[in-house]
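The data block below is run22.txt; it holds compact mmCIF, C-alpha atoms.
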# COMPACT_ATOMS: atom_id res chain seq x y z
CA MET A 1 2.33 -15.24 -10.66
CA SER A 2 2.93 -12.01 -8.81
CA LEU A 3 6.51 -10.79 -8.66
CA PRO A 4 6.14 -8.77 -5.45
CA ARG A 5 5.19 -11.93 -3.54
CA THR A 6 8.07 -14.09 -4.67
CA ARG A 7 10.26 -13.49 -1.65
CA GLY A 8 9.51 -13.41 2.05
CA LEU A 9 9.20 -9.93 3.47
CA ILE A 10 12.39 -8.74 5.15
CA VAL A 11 11.71 -6.72 8.28
CA ARG A 12 14.64 -5.79 10.49
CA LYS A 13 12.72 -3.45 12.78
CA ARG A 14 9.00 -3.49 13.40
CA PRO A 15 6.77 -2.22 16.22
CA LEU A 16 5.24 -5.62 16.89
CA ILE A 17 2.86 -4.43 19.58
CA ILE A 18 1.26 -1.94 17.19
CA LEU A 19 0.96 -4.41 14.35
CA SER A 20 -0.51 -6.95 16.78
CA THR A 21 -3.03 -4.36 17.92
CA VAL A 22 -4.30 -3.55 14.45
CA ALA A 23 -4.23 -7.18 13.34
CA ALA A 24 -6.27 -8.27 16.36
CA ALA A 25 -8.65 -5.37 15.81
CA THR A 26 -9.18 -6.55 12.25
CA LEU A 27 -10.28 -9.93 13.52
CA LEU A 28 -12.76 -8.23 15.83
CA LEU A 29 -14.16 -6.16 12.99
CA ALA A 30 -14.54 -9.21 10.74
CA GLY A 31 -17.51 -10.33 12.82
CA CYS A 32 -19.45 -7.12 12.25
CA SER A 33 -18.46 -6.66 8.62
CA GLY A 34 -18.75 -10.17 7.27
CA GLY A 35 -15.16 -9.66 6.17
CA ALA A 36 -12.93 -12.15 4.45
CA ASP A 37 -10.51 -14.55 6.05
CA PRO A 38 -7.64 -12.38 7.35
CA GLU A 39 -5.15 -14.80 5.80
CA SER A 40 -6.58 -14.29 2.33
CA THR A 41 -4.52 -12.44 -0.28
CA ALA A 42 -6.90 -12.70 -3.22
CA THR A 43 -6.86 -9.68 -5.49
CA PRO A 44 -10.05 -7.63 -4.99
CA ASP A 45 -12.37 -7.29 -7.94
CA ALA A 46 -14.32 -4.21 -8.90
CA SER A 47 -17.51 -5.34 -7.14
CA ALA A 48 -15.61 -5.95 -3.89
CA GLN A 49 -14.33 -2.39 -4.02
CA SER A 50 -17.75 -0.83 -4.61
CA SER A 51 -19.20 -1.50 -1.16
CA CYS A 52 -18.02 -0.85 2.36
CA LEU A 53 -16.65 -3.53 4.67
CA ALA A 54 -18.57 -2.50 7.79
CA ASP A 55 -20.05 1.03 7.52
CA LEU A 56 -19.90 1.30 11.31
CA LYS A 57 -22.24 3.63 13.15
CA SER A 58 -21.58 5.96 16.05
CA GLY A 59 -22.38 5.11 19.65
CA ALA A 60 -21.87 6.31 23.19
CA GLY A 61 -18.27 5.06 23.19
CA SER A 62 -17.10 6.75 19.98
CA ASP A 63 -19.11 9.91 20.72
CA ALA A 64 -17.33 10.22 24.09
CA VAL A 65 -13.89 10.56 22.48
CA SER A 66 -12.73 14.17 22.46
CA VAL A 67 -10.76 15.66 19.55
CA GLU A 68 -9.16 19.08 19.99
CA GLY A 69 -7.51 20.70 16.99
CA SER A 70 -6.63 19.02 13.71
CA GLY A 71 -3.72 17.84 11.65
CA ALA A 72 -0.50 16.90 13.38
CA ASP A 73 -1.55 18.94 16.43
CA ALA A 74 -4.82 17.07 17.04
CA LYS A 75 -5.25 15.99 20.66
CA ILE A 76 -7.37 12.88 21.18
CA THR A 77 -8.65 12.12 24.67
CA VAL A 78 -10.64 9.10 25.82
CA PRO A 79 -12.57 9.68 29.08
CA ALA A 80 -11.71 7.28 31.89
CA ASP A 81 -15.34 6.18 32.17
CA ALA A 82 -15.85 5.54 28.45
CA GLU A 83 -17.18 2.06 27.72
CA LEU A 84 -15.50 0.79 24.58
CA THR A 85 -17.04 -2.64 24.33
CA GLU A 86 -17.74 -2.65 20.60
CA ALA A 87 -16.42 -1.16 17.39
CA GLN A 88 -18.05 2.22 16.75
CA ARG A 89 -17.25 5.17 14.51
CA SER A 90 -18.09 8.84 14.90
CA VAL A 91 -17.55 11.50 12.25
CA VAL A 92 -15.88 14.50 13.88
CA VAL A 93 -15.71 16.62 10.72
CA GLU A 94 -17.46 15.70 7.47
CA GLY A 95 -15.53 16.50 4.33
CA ASP A 96 -16.88 17.57 0.96
CA GLY A 97 -15.14 15.08 -1.36
CA GLU A 98 -16.26 11.79 -2.86
CA ASP A 99 -17.04 8.95 -0.48
CA VAL A 100 -14.05 6.75 0.31
CA LYS A 101 -14.25 3.09 -0.76
CA PRO A 102 -12.26 -0.05 0.03
CA GLY A 103 -9.41 -0.31 -2.47
CA ASP A 104 -8.95 3.47 -2.75
CA LEU A 105 -5.48 4.98 -2.60
CA ILE A 106 -5.63 8.04 -0.36
CA SER A 107 -3.48 10.31 1.77
CA LEU A 108 -4.23 10.66 5.46
CA ARG A 109 -3.09 11.56 8.94
CA TYR A 110 -3.73 9.25 11.86
CA GLN A 111 -3.15 8.54 15.53
CA LEU A 112 -3.66 5.21 17.30
CA ILE A 113 -4.42 5.74 20.99
CA ASP A 114 -4.43 3.39 23.98
CA ALA A 115 -7.92 4.08 25.32
CA LYS A 116 -7.00 3.38 28.95
CA THR A 117 -3.80 5.41 29.19
CA ASN A 118 -4.33 7.89 26.31
CA GLU A 119 -0.81 6.98 25.17
CA VAL A 120 -0.19 7.55 21.47
CA LEU A 121 0.86 4.16 20.12
CA SER A 122 1.36 5.06 16.47
CA THR A 123 1.04 8.12 14.23
CA SER A 124 1.58 9.25 10.66
CA GLU A 125 4.34 11.64 11.73
CA ARG A 126 6.94 9.58 9.84
CA GLY A 127 5.46 10.90 6.59
CA PRO A 128 6.20 14.31 5.01
CA ASP A 129 4.26 16.94 7.00
CA GLY A 130 2.77 14.09 8.99
CA VAL A 131 0.92 12.73 5.94
CA LEU A 132 1.04 9.15 4.68
CA SER A 133 -0.42 7.35 1.69
CA ALA A 134 -2.60 4.32 2.34
CA LEU A 135 -3.96 1.71 -0.04
CA LEU A 136 -7.16 0.82 1.81
CA ALA A 137 -7.12 -2.96 2.07
CA VAL A 138 -10.17 -4.94 0.98
CA GLN A 139 -8.82 -8.03 2.72
CA GLN A 140 -6.23 -8.37 5.45
CA PRO A 141 -2.79 -9.18 3.97
CA GLN A 142 -1.00 -12.29 5.14
CA GLN A 143 1.84 -10.19 6.47
CA MET A 144 1.75 -6.58 7.56
CA VAL A 145 4.90 -4.52 7.70
CA ASP A 146 3.13 -1.26 8.51
CA PRO A 147 -0.08 -0.44 10.42
CA THR A 148 -1.62 1.34 7.41
CA GLN A 149 -2.03 -2.03 5.68
CA SER A 150 -4.69 -3.15 8.15
CA THR A 151 -8.35 -3.21 7.16
CA VAL A 152 -8.93 -1.23 10.37
CA PHE A 153 -7.89 1.82 8.33
CA THR A 154 -10.39 0.89 5.64
CA VAL A 155 -13.21 0.56 8.15
CA ALA A 156 -12.31 3.91 9.71
CA ALA A 157 -12.20 5.83 6.41
CA GLU A 158 -14.85 4.13 4.25
CA CYS A 159 -18.32 5.45 3.41
CA VAL A 160 -17.58 9.06 4.40
CA PRO A 161 -16.32 11.86 2.15
CA ILE A 162 -12.66 12.66 1.56
CA GLY A 163 -11.69 15.49 3.89
CA SER A 164 -13.43 13.93 6.89
CA SER A 165 -12.08 13.30 10.37
CA VAL A 166 -13.31 10.23 12.24
CA VAL A 167 -12.70 8.29 15.43
CA LEU A 168 -12.98 4.51 15.46
CA THR A 169 -13.22 2.68 18.79
CA LEU A 170 -11.76 -0.80 19.01
CA PRO A 171 -12.57 -3.01 22.01
CA ALA A 172 -9.85 -5.00 23.75
CA ALA A 173 -8.74 -7.78 21.44
CA GLN A 174 -7.99 -10.24 24.22
CA GLU A 175 -8.05 -10.56 27.98
CA GLY A 176 -5.50 -8.29 29.60
CA SER A 177 -5.21 -5.89 26.65
CA ASN A 178 -6.66 -2.39 26.44
CA PRO A 179 -9.20 -1.03 24.00
CA SER A 180 -7.88 1.50 21.49
CA VAL A 181 -9.03 4.42 19.37
CA LEU A 182 -7.98 5.16 15.81
CA TYR A 183 -8.29 8.78 14.71
CA ILE A 184 -8.03 9.45 10.96
CA GLU A 185 -8.13 12.55 8.78
CA THR A 186 -8.53 11.71 5.10
CA ILE A 187 -6.93 14.32 2.84
CA GLU A 188 -7.19 13.44 -0.84
CA GLU A 189 -7.63 10.56 -3.26
CA LEU A 190 -4.37 9.82 -5.05
CA PRO A 191 -3.85 8.98 -8.74
CA THR A 192 -3.69 5.32 -9.72
CA ILE A 193 -1.52 5.96 -12.77
CA ALA A 194 1.80 7.81 -13.01
CA SER A 195 1.15 11.55 -12.96
CA GLY A 196 4.65 12.83 -13.81
CA SER A 197 5.91 14.67 -16.86
CA ASP A 198 6.87 12.74 -20.00
CA VAL A 199 10.55 12.00 -20.50
CA ASP A 200 12.20 11.39 -23.86
CA ALA A 201 12.65 7.71 -24.66
CA THR A 202 16.03 6.15 -23.94
CA GLU A 203 17.67 4.61 -27.01
CA GLY A 204 17.83 0.82 -26.93
CA MET A 205 15.15 0.40 -24.28
CA PRO A 206 11.76 -1.23 -24.97
CA LYS A 207 9.13 1.04 -26.51
CA VAL A 208 6.12 1.74 -24.28
CA GLU A 209 2.75 3.03 -25.48
CA LEU A 210 -0.15 3.84 -23.15
CA ASP A 211 -3.85 3.48 -23.86
CA ASP A 212 -6.44 6.00 -22.67
CA ALA A 213 -6.59 4.33 -19.25
CA GLY A 214 -2.80 4.39 -18.84
CA SER A 215 -2.27 0.68 -19.45
CA PRO A 216 1.10 0.07 -21.15
CA THR A 217 1.90 -1.94 -24.26
CA ILE A 218 5.54 -3.03 -24.38
CA THR A 219 7.39 -3.52 -27.67
CA LEU A 220 10.83 -5.11 -27.36
CA PRO A 221 13.81 -3.95 -29.44
CA ASP A 222 15.29 -6.33 -32.01
CA THR A 223 18.55 -6.71 -30.09
CA ASP A 224 20.20 -9.20 -27.78
CA ALA A 225 18.93 -9.36 -24.23
CA PRO A 226 20.82 -7.05 -21.85
CA THR A 227 23.40 -8.58 -19.51
CA GLU A 228 22.98 -5.90 -16.85
CA THR A 229 19.86 -4.37 -15.33
CA GLU A 230 18.91 -1.10 -17.02
CA VAL A 231 16.32 1.42 -15.77
CA ALA A 232 14.91 4.33 -17.77
CA GLU A 233 12.34 6.96 -16.81
CA LEU A 234 9.26 7.34 -18.99
CA LYS A 235 7.61 9.92 -16.72
CA GLN A 236 9.29 11.95 -13.99
CA GLY A 237 7.26 12.58 -10.86
CA ASP A 238 7.76 15.25 -8.24
CA GLY A 239 6.68 13.37 -5.13
CA ALA A 240 8.57 11.72 -2.29
CA VAL A 241 11.66 9.65 -3.11
CA VAL A 242 11.33 5.88 -2.62
CA ALA A 243 13.77 4.75 0.07
CA SER A 244 15.06 1.25 0.74
CA GLY A 245 12.51 -0.71 2.75
CA ASP A 246 9.58 1.60 1.98
CA LEU A 247 6.11 0.19 1.40
CA VAL A 248 5.49 1.13 -2.24
CA THR A 249 2.20 1.24 -4.15
CA VAL A 250 2.44 0.61 -7.91
CA GLN A 251 0.78 -0.41 -11.14
CA TYR A 252 2.96 -2.67 -13.26
CA ARG A 253 3.17 -4.96 -16.27
CA GLY A 254 5.85 -7.59 -16.81
CA VAL A 255 6.79 -9.42 -20.02
CA LYS A 256 9.45 -11.93 -21.00
CA TRP A 257 12.23 -10.71 -23.28
CA SER A 258 12.33 -14.13 -24.96
CA ASP A 259 8.88 -13.91 -26.54
CA GLY A 260 7.21 -10.72 -25.30
CA THR A 261 4.46 -12.55 -23.46
CA GLU A 262 2.98 -11.06 -20.31
CA PHE A 263 3.54 -13.11 -17.17
CA ASP A 264 2.22 -10.72 -14.53
CA SER A 265 0.35 -7.42 -14.42
CA SER A 266 -1.75 -5.38 -12.04
CA TRP A 267 -3.48 -4.02 -15.15
CA SER A 268 -4.81 -7.50 -15.84
CA ARG A 269 -6.35 -7.60 -12.35
CA ASP A 270 -8.92 -4.83 -12.80
CA ALA A 271 -6.11 -2.24 -12.75
CA ALA A 272 -6.06 -2.52 -8.96
CA PRO A 273 -2.82 -1.07 -7.56
CA THR A 274 -0.64 -3.40 -5.54
CA GLN A 275 1.62 -2.75 -2.58
CA PHE A 276 4.83 -4.32 -1.32
CA GLN A 277 8.07 -3.50 0.46
CA THR A 278 11.08 -2.73 -1.74
CA THR A 279 13.09 -5.34 0.14
CA SER A 280 10.58 -8.08 -0.68
CA VAL A 281 11.16 -8.24 -4.45
CA VAL A 282 13.86 -9.48 -6.79
CA PRO A 283 16.93 -7.21 -7.12
CA GLY A 284 16.07 -5.83 -10.55
CA PHE A 285 12.64 -4.67 -9.41
CA LYS A 286 14.15 -3.14 -6.28
CA MET A 287 16.68 -1.25 -8.42
CA ALA A 288 13.83 0.13 -10.52
CA LEU A 289 12.04 1.58 -7.50
CA GLU A 290 14.53 2.92 -5.00
CA GLY A 291 15.63 6.50 -5.65
CA GLN A 292 12.66 7.23 -7.91
CA LYS A 293 10.06 9.90 -7.13
CA VAL A 294 6.38 9.20 -6.62
CA GLY A 295 4.50 9.98 -9.82
CA SER A 296 7.24 8.51 -12.00
CA GLN A 297 6.89 5.72 -14.53
CA VAL A 298 9.92 3.58 -15.33
CA VAL A 299 10.84 0.73 -17.64
CA VAL A 300 13.35 -1.81 -16.36
CA THR A 301 15.09 -4.68 -18.15
CA MET A 302 16.73 -7.27 -15.93
CA PRO A 303 18.79 -10.35 -16.77
CA PRO A 304 18.17 -13.60 -14.85
CA LYS A 305 20.83 -12.78 -12.24
CA ASP A 306 18.68 -9.85 -11.04
CA GLY A 307 15.43 -11.75 -11.56
CA TYR A 308 14.86 -15.43 -10.86
CA GLY A 309 18.31 -16.79 -11.54
CA GLU A 310 19.45 -19.40 -14.01
CA GLY A 311 19.96 -22.55 -11.95
CA GLU A 312 17.67 -25.42 -11.10
CA ILE A 313 17.39 -24.59 -7.39
CA ASN A 314 13.95 -23.10 -6.72
CA ALA A 315 13.37 -23.06 -10.47
CA ASN A 316 10.09 -21.77 -11.87
CA ASP A 317 8.78 -20.69 -15.26
CA LEU A 318 10.74 -17.42 -15.03
CA THR A 319 14.08 -19.01 -14.22
CA GLY A 320 16.58 -18.12 -16.95
CA GLU A 321 14.35 -15.38 -18.37
CA THR A 322 15.30 -11.77 -18.96
CA LEU A 323 12.36 -9.70 -17.76
CA VAL A 324 10.92 -6.31 -18.68
CA PHE A 325 8.65 -4.27 -16.42
CA VAL A 326 6.84 -0.98 -16.80
CA VAL A 327 6.08 0.41 -13.35
CA ASP A 328 3.93 3.37 -12.29
CA ILE A 329 5.11 4.52 -8.85
CA LEU A 330 1.99 5.80 -7.13
CA ALA A 331 2.95 6.17 -3.48
CA THR A 332 5.61 5.31 -0.95
CA THR A 333 5.15 4.85 2.79
CA PRO A 334 8.08 4.84 5.21
CA ILE A 335 7.85 1.80 7.48
CA GLU A 336 7.22 2.61 11.13
CA GLN A 337 10.39 1.84 13.04
CA ALA A 338 10.64 0.47 16.54
CA PRO A 339 11.75 3.06 19.10

Is it possible to express this structure as structure tokens?
Amino acid sequence: MSLPRTRGLIVRKRPLIILSTVAAATLLLAGCSGGADPESTATPDASAQSSCLADLKSGAGSDAVSVEGSGADAKITVPADAELTEAQRSVVVEGDGEDVKPGDLISLRYQLIDAKTNEVLSTSERGPDGVLSALLAVQQPQQMVDPTQSTVFTVAAECVPIGSSVVLTLPAAQEGSNPSVLYIETIEELPTIASGSDVDATEGMPKVELDDAGSPTITLPDTDAPTETEVAELKQGDGAVVASGDLVTVQYRGVKWSDGTEFDSSWSRDAAPTQFQTTSVVPGFKMALEGQKVGSQVVVTMPPKDGYGEGEINANDLTGETLVFVVDILATTPIEQAP
């Protein structure tokens, strides 16, 4: 069972046209990449992350796109006579880092352009200094709340070194729609474990020990289960603060207070980070995330009222359980808001 998927995603504002564009583009790319069913949410394994989804090549269409400048000031222009009838990718600047792979957590800048009007449909400007984190999807999620979740971003960034700038052309997804161009600058690969400074343990909270890979072992105190949710820092990061509704990338392990058994963990799924919106999880998990800085690691204990409740309605094997989580907060992405 995966805690982040236990509640339907709550989205009050969302630029539907942009999400529709990238979702439709993903379907187009599936044909050339042999990609998975876009409805699939299976956790990627290590072998799936070792190869590229499409490794698209350049062509006349992508080579025709003009890029002037870089960073937030980059100006992308698509000539009126450009024929964007297939997905193509051109490397504008080749970086000198390691090659990007599906499943990587990276920072980037981007612009999504309407290829007919040259209108900028979406950008990374909502991030600090115009930079966003992106967990490059191996498979299309069932629901997207932000454009960066699309495998289109994976196909644009994969198989070229970190530090590169690329343009990806996307043909019209359906009759009456326009083709588009995605411009991406990859900046750096981000840590997949908490990178903050150690904080002294909080008395009465579960003891947490980390192995060499950063995977936590949780030892519960010999006391009664808490009646209120309690959150304690284990590491203090210095990155962006997680805001309500952000798309957060984490590693986590959850155990039951009643017997200490693990019921869910990203560490048990090839240590692949997972991503979800803070408003899509149970209250105790939300309380553990919001207000924390990226790079932090926290331990949270939550009674049933902030977890899965105590009644028989919608009961599951965690109903009535006090839960303990250790969470590494790796990245946070502000959701793109409708104008």

Task: Surrounding residues of Gln277 of chain A excluding itself and chain neighbours under 3 positions, 6 Å, all atoms listed in the file, as an MDAnalysis selection string - done: chainID A and resid 245:248 280

Open item on the list: With only C-alpha atoms as the counted atoms, please give the residues lying no more than 12 Å from Leu220 of chain A, apart from itself and same-chain residues fewer than 5 positions off, as an NGL selection string.
Closed with: :A and (203-209 or 225-226 or 254-261 or 299-301 or 322-325)

Kindly export the residues of the current selection with C-alpha atoms, as a compact mmCIF listing (two decimals), in the coordinates of the input.
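Listing of out.txt after writing:
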# COMPACT_ATOMS: atom_id res chain seq x y z
CA GLU A 203 17.67 4.61 -27.01
CA GLY A 204 17.83 0.82 -26.93
CA MET A 205 15.15 0.40 -24.28
CA PRO A 206 11.76 -1.23 -24.97
CA LYS A 207 9.13 1.04 -26.51
CA VAL A 208 6.12 1.74 -24.28
CA GLU A 209 2.75 3.03 -25.48
CA ALA A 225 18.93 -9.36 -24.23
CA PRO A 226 20.82 -7.05 -21.85
CA GLY A 254 5.85 -7.59 -16.81
CA VAL A 255 6.79 -9.42 -20.02
CA LYS A 256 9.45 -11.93 -21.00
CA TRP A 257 12.23 -10.71 -23.28
CA SER A 258 12.33 -14.13 -24.96
CA ASP A 259 8.88 -13.91 -26.54
CA GLY A 260 7.21 -10.72 -25.30
CA THR A 261 4.46 -12.55 -23.46
CA VAL A 299 10.84 0.73 -17.64
CA VAL A 300 13.35 -1.81 -16.36
CA THR A 301 15.09 -4.68 -18.15
CA THR A 322 15.30 -11.77 -18.96
CA LEU A 323 12.36 -9.70 -17.76
CA VAL A 324 10.92 -6.31 -18.68
CA PHE A 325 8.65 -4.27 -16.42

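Comparing the minimum interatomic distances between Thr217 of chain A and each of A:Val327, A:Ile162, A:Leu170, A:Asn118, counting all atoms listed in the file, we find that A:Val327 sits nearest.
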
Task: Counting only C-alpha atoms, the residue of A:Ala82, A:Ile106, A:Ser164, A:Glu188 that sits nearest Ala331 of chain A - done: A:Ile106

Task: Near-segment 236-243 of chain A list (9 Å; all atoms listed in the file; drop same-chain fewer than 6 positions) as a PyMOL selection string - done: chain A and resi 128+194-199+278+289-298+329+331-334

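The space separating atom CA of Asp63 of chain A from atom CA of Ser90 of chain A comes to 6.0 Å.
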
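Considering the residues A:Ser124, A:Val181, A:Asp96, A:Leu190 and counting all atoms listed in the file, Ala64 of chain A has its shortest atom-to-atom contact with A:Val181.
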